[in-house]
$ cat input-v2.cif   # mmCIF, C-alpha atoms
data_protein
loop_
_atom_site.label_atom_id
_atom_site.label_comp_id
_atom_site.auth_asym_id
_atom_site.auth_seq_id
_atom_site.Cartn_x
_atom_site.Cartn_y
_atom_site.Cartn_z
CA MET V 1 199.74 121.78 105.42
CA ARG V 2 198.08 124.40 103.29
CA ARG V 3 201.37 125.23 101.52
CA THR V 4 201.90 121.58 100.74
CA LEU V 5 198.45 121.21 99.19
CA THR V 6 198.86 124.38 97.17
CA ALA V 7 202.30 123.31 95.99
CA SER V 8 201.06 119.86 94.99
CA ALA V 9 198.14 121.43 93.07
CA VAL V 10 200.54 123.73 91.22
CA LEU V 11 202.87 120.82 90.42
CA LEU V 12 199.97 118.72 89.18
CA SER V 13 198.66 121.47 86.91
CA ALA V 14 202.22 122.17 85.65
CA SER V 15 202.74 118.50 84.83
CA LEU V 16 199.41 118.41 82.99
CA PHE V 17 200.43 121.47 80.95
CA SER V 18 203.78 119.97 80.07
CA PHE V 19 202.06 116.92 78.57
CA GLY V 20 199.64 119.12 76.56
CA GLN V 21 196.69 118.53 78.83
CA THR V 22 194.57 121.17 80.42
CA ILE V 23 192.94 121.38 83.77
CA PRO V 24 189.82 119.30 83.64
CA LEU V 25 186.70 121.39 83.32
CA GLN V 26 184.71 121.66 86.44
CA PRO V 27 181.10 121.16 85.53
CA PRO V 28 178.96 124.16 86.29
CA VAL V 29 176.42 123.94 89.03
CA PRO V 30 173.72 121.55 87.85
CA SER V 31 170.95 123.55 86.29
CA THR V 32 167.30 123.05 86.91
CA THR V 33 166.31 124.54 83.57
CA ARG V 34 165.03 121.18 82.35
CA ALA V 35 162.76 120.88 85.37
CA ASP V 36 161.61 124.49 84.94
CA ARG V 37 160.82 123.88 81.28
CA LYS V 38 158.87 120.81 82.27
CA ASP V 39 156.97 122.85 84.86
CA ILE V 40 156.19 125.46 82.21
CA ARG V 41 154.90 122.77 79.85
CA HIS V 42 152.75 121.31 82.60
CA ASP V 43 151.38 124.73 83.56
CA ARG V 44 150.50 125.47 79.94
CA ARG V 45 148.79 122.10 79.67
CA ASP V 46 146.86 122.80 82.86
CA ILE V 47 145.72 126.14 81.46
CA ARG V 48 144.56 124.43 78.24
CA HIS V 49 142.66 121.84 80.26
CA ASP V 50 141.06 124.50 82.44
CA ARG V 51 139.98 126.47 79.38
CA ARG V 52 138.49 123.32 77.91
CA ASP V 53 136.67 122.73 81.20
CA ILE V 54 135.31 126.27 81.08
CA ARG V 55 134.00 125.76 77.55
CA SER V 56 132.40 122.50 78.62
CA ASP V 57 130.86 124.16 81.68
CA ARG V 58 129.45 126.95 79.51
CA ARG V 59 127.91 124.40 77.15
CA GLU V 60 126.36 122.60 80.11
CA LEU V 61 125.15 125.91 81.51
CA ASN V 62 123.47 126.80 78.22
CA GLN V 63 121.94 123.33 77.99
CA ASP V 64 120.58 123.66 81.53
CA ARG V 65 119.11 127.05 80.63
CA ARG V 66 117.40 125.52 77.60
CA ASP V 67 116.08 122.71 79.79
CA ARG V 68 114.83 125.22 82.35
CA HIS V 69 113.03 127.23 79.67
CA GLY V 70 111.52 124.02 78.27
CA ASP V 71 110.33 123.00 81.76
CA ARG V 72 108.75 126.42 82.29
CA ARG V 73 107.01 126.10 78.94
CA ASP V 74 105.76 122.63 79.93
CA ILE V 75 104.51 123.98 83.27
CA ARG V 76 102.55 126.74 81.52
CA ALA V 77 101.10 124.21 79.08
CA ASP V 78 100.14 121.80 81.90
CA LYS V 79 98.45 124.62 83.85
CA ALA V 80 96.52 125.61 80.74
CA ASP V 81 95.53 121.94 80.20
CA ILE V 82 94.32 121.67 83.80
CA LYS V 83 92.35 124.87 83.42
CA GLN V 84 90.76 123.58 80.18
CA ASP V 85 90.01 120.14 81.70
CA ARG V 86 88.37 121.74 84.76
CA ARG V 87 86.23 123.87 82.47
CA GLU V 88 85.22 120.76 80.50
CA LEU V 89 84.60 118.87 83.78
CA ARG V 90 82.22 121.59 84.99
CA GLN V 91 80.46 121.53 81.63
CA ASP V 92 80.11 117.71 81.72
CA ILE V 93 78.77 117.79 85.30
CA ARG V 94 76.21 120.45 84.28
CA ASN V 95 75.15 118.30 81.32
CA GLY V 96 74.97 115.15 83.47
CA ASP V 97 77.54 113.22 81.41
CA THR V 98 79.27 111.15 84.13
CA ALA V 99 81.49 109.14 81.74
CA ALA V 100 82.94 112.31 80.20
CA ALA V 101 83.34 113.81 83.71
CA ALA V 102 85.31 110.71 84.84
CA LYS V 103 87.53 111.06 81.75
CA GLU V 104 88.14 114.75 82.56
CA ARG V 105 89.02 113.88 86.18
CA ALA V 106 91.59 111.33 84.91
CA ASP V 107 92.98 113.98 82.53
CA ILE V 108 93.28 116.46 85.39
CA ARG V 109 95.12 113.87 87.54
CA ALA V 110 97.52 113.11 84.67
CA ASP V 111 98.13 116.84 84.05
CA ARG V 112 98.80 117.43 87.76
CA LYS V 113 101.26 114.53 87.75
CA ASP V 114 103.01 116.06 84.71
CA LEU V 115 103.02 119.44 86.45
CA LYS V 116 104.63 117.91 89.54
CA ASN V 117 107.33 116.23 87.41
CA ASP V 118 107.97 119.48 85.52
CA HIS V 119 108.41 121.35 88.82
CA ARG V 120 110.86 118.67 89.97
CA ASP V 121 112.79 119.01 86.69
CA LEU V 122 112.83 122.78 87.06
CA ARG V 123 114.32 122.52 90.57
CA SER V 124 116.90 120.06 89.28
CA ASP V 125 117.83 122.41 86.42
CA ARG V 126 118.22 125.32 88.86
CA ARG V 127 120.56 123.22 90.97
CA ASP V 128 122.51 122.21 87.85
CA LEU V 129 122.82 125.86 86.86
CA ARG V 130 124.23 126.75 90.27
CA HIS V 131 126.76 123.91 90.05
CA ASP V 132 127.78 124.87 86.51
CA ARG V 133 128.29 128.50 87.54
CA ARG V 134 130.36 127.36 90.52
CA ASP V 135 132.43 125.07 88.27
CA GLY V 136 133.02 127.96 85.87
CA ARG V 137 134.25 130.20 88.67
CA SER V 138 136.44 127.41 90.01
CA ASP V 139 137.98 126.86 86.56
CA GLN V 140 138.62 130.60 86.22
CA ARG V 141 140.44 130.52 89.56
CA ASP V 142 142.44 127.49 88.40
CA ILE V 143 143.49 129.35 85.25
CA HIS V 144 144.56 132.31 87.36
CA HIS V 145 146.65 130.06 89.63
CA ASP V 146 148.17 128.22 86.65
CA LYS V 147 149.11 131.51 85.00
CA ARG V 148 150.76 132.64 88.22
CA ASP V 149 152.65 129.33 88.43
CA LEU V 150 153.70 129.74 84.81
CA HIS V 151 154.98 133.22 85.54
CA HIS V 152 157.02 131.98 88.51
CA ASP V 153 158.40 129.04 86.52
CA ARG V 154 159.51 131.41 83.77
CA LYS V 155 161.24 133.57 86.38
CA ASP V 156 162.96 130.47 87.77
CA LEU V 157 164.05 129.49 84.26
CA ARG V 158 165.50 132.94 83.62
CA GLY V 159 167.30 132.82 86.97
CA ASP V 160 168.73 129.38 86.20
CA ARG V 161 169.92 130.54 82.79
CA ARG V 162 171.55 133.55 84.42
CA GLU V 163 173.30 131.30 86.95
CA THR V 164 174.46 128.96 84.20
CA ARG V 165 175.91 131.86 82.20
CA ARG V 166 177.65 133.14 85.34
CA ASP V 167 179.09 129.70 86.09
CA LEU V 168 180.31 129.26 82.51
CA ARG V 169 181.87 132.72 82.61
CA ASP V 170 183.67 131.81 85.86
CA VAL V 171 184.92 128.53 84.38
CA ARG V 172 186.21 130.33 81.27
CA TYR V 173 187.89 132.93 83.45
CA ASP V 174 189.55 130.24 85.56
CA ARG V 175 190.69 128.43 82.42
CA ARG V 176 192.19 131.62 80.94
CA LYS V 177 193.85 132.42 84.25
CA ALA V 178 195.37 128.95 84.40
CA HIS V 179 196.45 129.17 80.77
CA LEU V 180 198.18 132.54 81.37
CA LYS V 181 200.14 131.11 84.33
CA LYS V 182 201.56 128.54 81.97
#

$ encode --input "input-v2.cif" --output "structure tokens"
Amino acid sequence: MRRTLTASAVLLSASLFSFGQTIPLQPPVPSTTRADRKDIRHDRRDIRHDRRDIRSDRRELNQDRRDRHGDRRDIRADKADIKQDRRELRQDIRNGDTAAAAKERADIRADRKDLKNDHRDLRSDRRDLRHDRRDGRSDQRDIHHDKRDLHHDRKDLRGDRRETRRDLRDVRYDRRKAHLKK
């Protein structure tokens, strides 16, 4: 059976050569270089996006720091206002001016309300700072992973190119071998 198949293959190739035709090229093993190039493009895009996210997170972090400093400044100002209003309240009570004392009490209540809101804003800004730092670290990790993926995709691309060259070399060798038998 095997001899018959081999003999028929030889006869077929001999008849093709006699009519000026060659053995049809066997396509090399399908390459995945296109997919690897696509992966590399995607990894580079991911790195760009992660770097953009890091820049955005840093801007947000700096804005939160500015907000925090502003809230601290407001807290100091509100405490100073309360201190001043209490001093004026004591003075008005000593002088017997009840209308001015009532006004100072209202001012103290308003300043305490502002102080409470500023403390709430300060806590919120601290929480935002923590989240922005965490996002920055997460984006740094993402960049690290994307760079590693990019490295592996490049290695895959080089391996696929090597395999393609090997396959083409084998096809050329087979073609020359068949041509020499002719």

$ axis_aligned_box --input "input-v2.cif" --around "range 147-166 of chain V" --padding-each-side "5 Å" --output "JSON"
{"center_x": 163.4, "center_y": 131.3, "center_z": 85.4, "size_x": 38.5, "size_y": 14.6, "size_z": 16.3}

$ resolve_selection --input "input-v2.cif" --expression "the PyMOL selection byres ((chain V and resi 105-109) around 10)" --output "number ranges by chain"
V: 78-79, 81-86, 88-89, 99-104, 110-115

$ atom_distance --input "input-v2.cif" --atom1 "CA of Gly136 in chain V" --atom2 "CA of Ile54 in chain V"
5.6 Å

$ atom_distance --input "input-v2.cif" --atom1 "CA of Arg161 in chain V" --atom2 "CA of Ala35 in chain V"
12.3 Å

$ resolve_selection --input "input-v2.cif" --expression "the PyMOL selection byres ((chain V and resi 75) around 9)" --output "short mmCIF file (atom, residue, chain, number, x, y, z; two decimals) with C-alpha atoms, in the frame of the given file"
data_model
loop_
_atom_site.label_atom_id
_atom_site.label_comp_id
_atom_site.auth_asym_id
_atom_site.auth_seq_id
_atom_site.Cartn_x
_atom_site.Cartn_y
_atom_site.Cartn_z
CA GLY V 70 111.52 124.02 78.27
CA ASP V 71 110.33 123.00 81.76
CA ARG V 72 108.75 126.42 82.29
CA ARG V 73 107.01 126.10 78.94
CA ASP V 74 105.76 122.63 79.93
CA ARG V 76 102.55 126.74 81.52
CA ALA V 77 101.10 124.21 79.08
CA ASP V 78 100.14 121.80 81.90
CA LYS V 79 98.45 124.62 83.85
CA ALA V 80 96.52 125.61 80.74
CA ASP V 114 103.01 116.06 84.71
CA LEU V 115 103.02 119.44 86.45
CA LYS V 116 104.63 117.91 89.54
CA ASP V 118 107.97 119.48 85.52
CA HIS V 119 108.41 121.35 88.82
#

$ atom_distance --input "input-v2.cif" --atom1 "CA of Asn117 in chain V" --atom2 "CA of Arg59 in chain V"
24.4 Å

$ closest_residue --input "input-v2.cif" --among "V:Arg48, V:Arg123, V:Arg37, V:His69" --to "His152 in chain V" --atoms "all atoms listed in the file"
V:Arg37

$ residues_around --input "input-v2.cif" --residues "Arg130 in chain V" --least-positions-apart "2" --cutoff "12 Å" --atoms "only C-alpha atoms" --output "ChimeraX atom specification"
/V:57-58,60-61,64-65,123-128,132-137

$ residues_around --input "input-v2.cif" --residues "Arg44 in chain V" --least-positions-apart "3" --cutoff "10 Å" --atoms "all atoms listed in the file" --output "PDB file with C-alpha atoms, in the frame of the given file"
ATOM      1  CA  LYS V  38     158.870 120.810  82.270  1.00  0.00           C
ATOM      2  CA  ASP V  39     156.970 122.850  84.860  1.00  0.00           C
ATOM      3  CA  ILE V  40     156.190 125.460  82.210  1.00  0.00           C
ATOM      4  CA  ARG V  41     154.900 122.770  79.850  1.00  0.00           C
ATOM      5  CA  ILE V  47     145.720 126.140  81.460  1.00  0.00           C
ATOM      6  CA  ARG V  48     144.560 124.430  78.240  1.00  0.00           C
ATOM      7  CA  HIS V  49     142.660 121.840  80.260  1.00  0.00           C
ATOM      8  CA  ASP V  50     141.060 124.500  82.440  1.00  0.00           C
ATOM      9  CA  ILE V 143     143.490 129.350  85.250  1.00  0.00           C
ATOM     10  CA  ASP V 146     148.170 128.220  86.650  1.00  0.00           C
ATOM     11  CA  LYS V 147     149.110 131.510  85.000  1.00  0.00           C
ATOM     12  CA  ASP V 149     152.650 129.330  88.430  1.00  0.00           C
ATOM     13  CA  LEU V 150     153.700 129.740  84.810  1.00  0.00           C
TER      14      LEU V 150
END
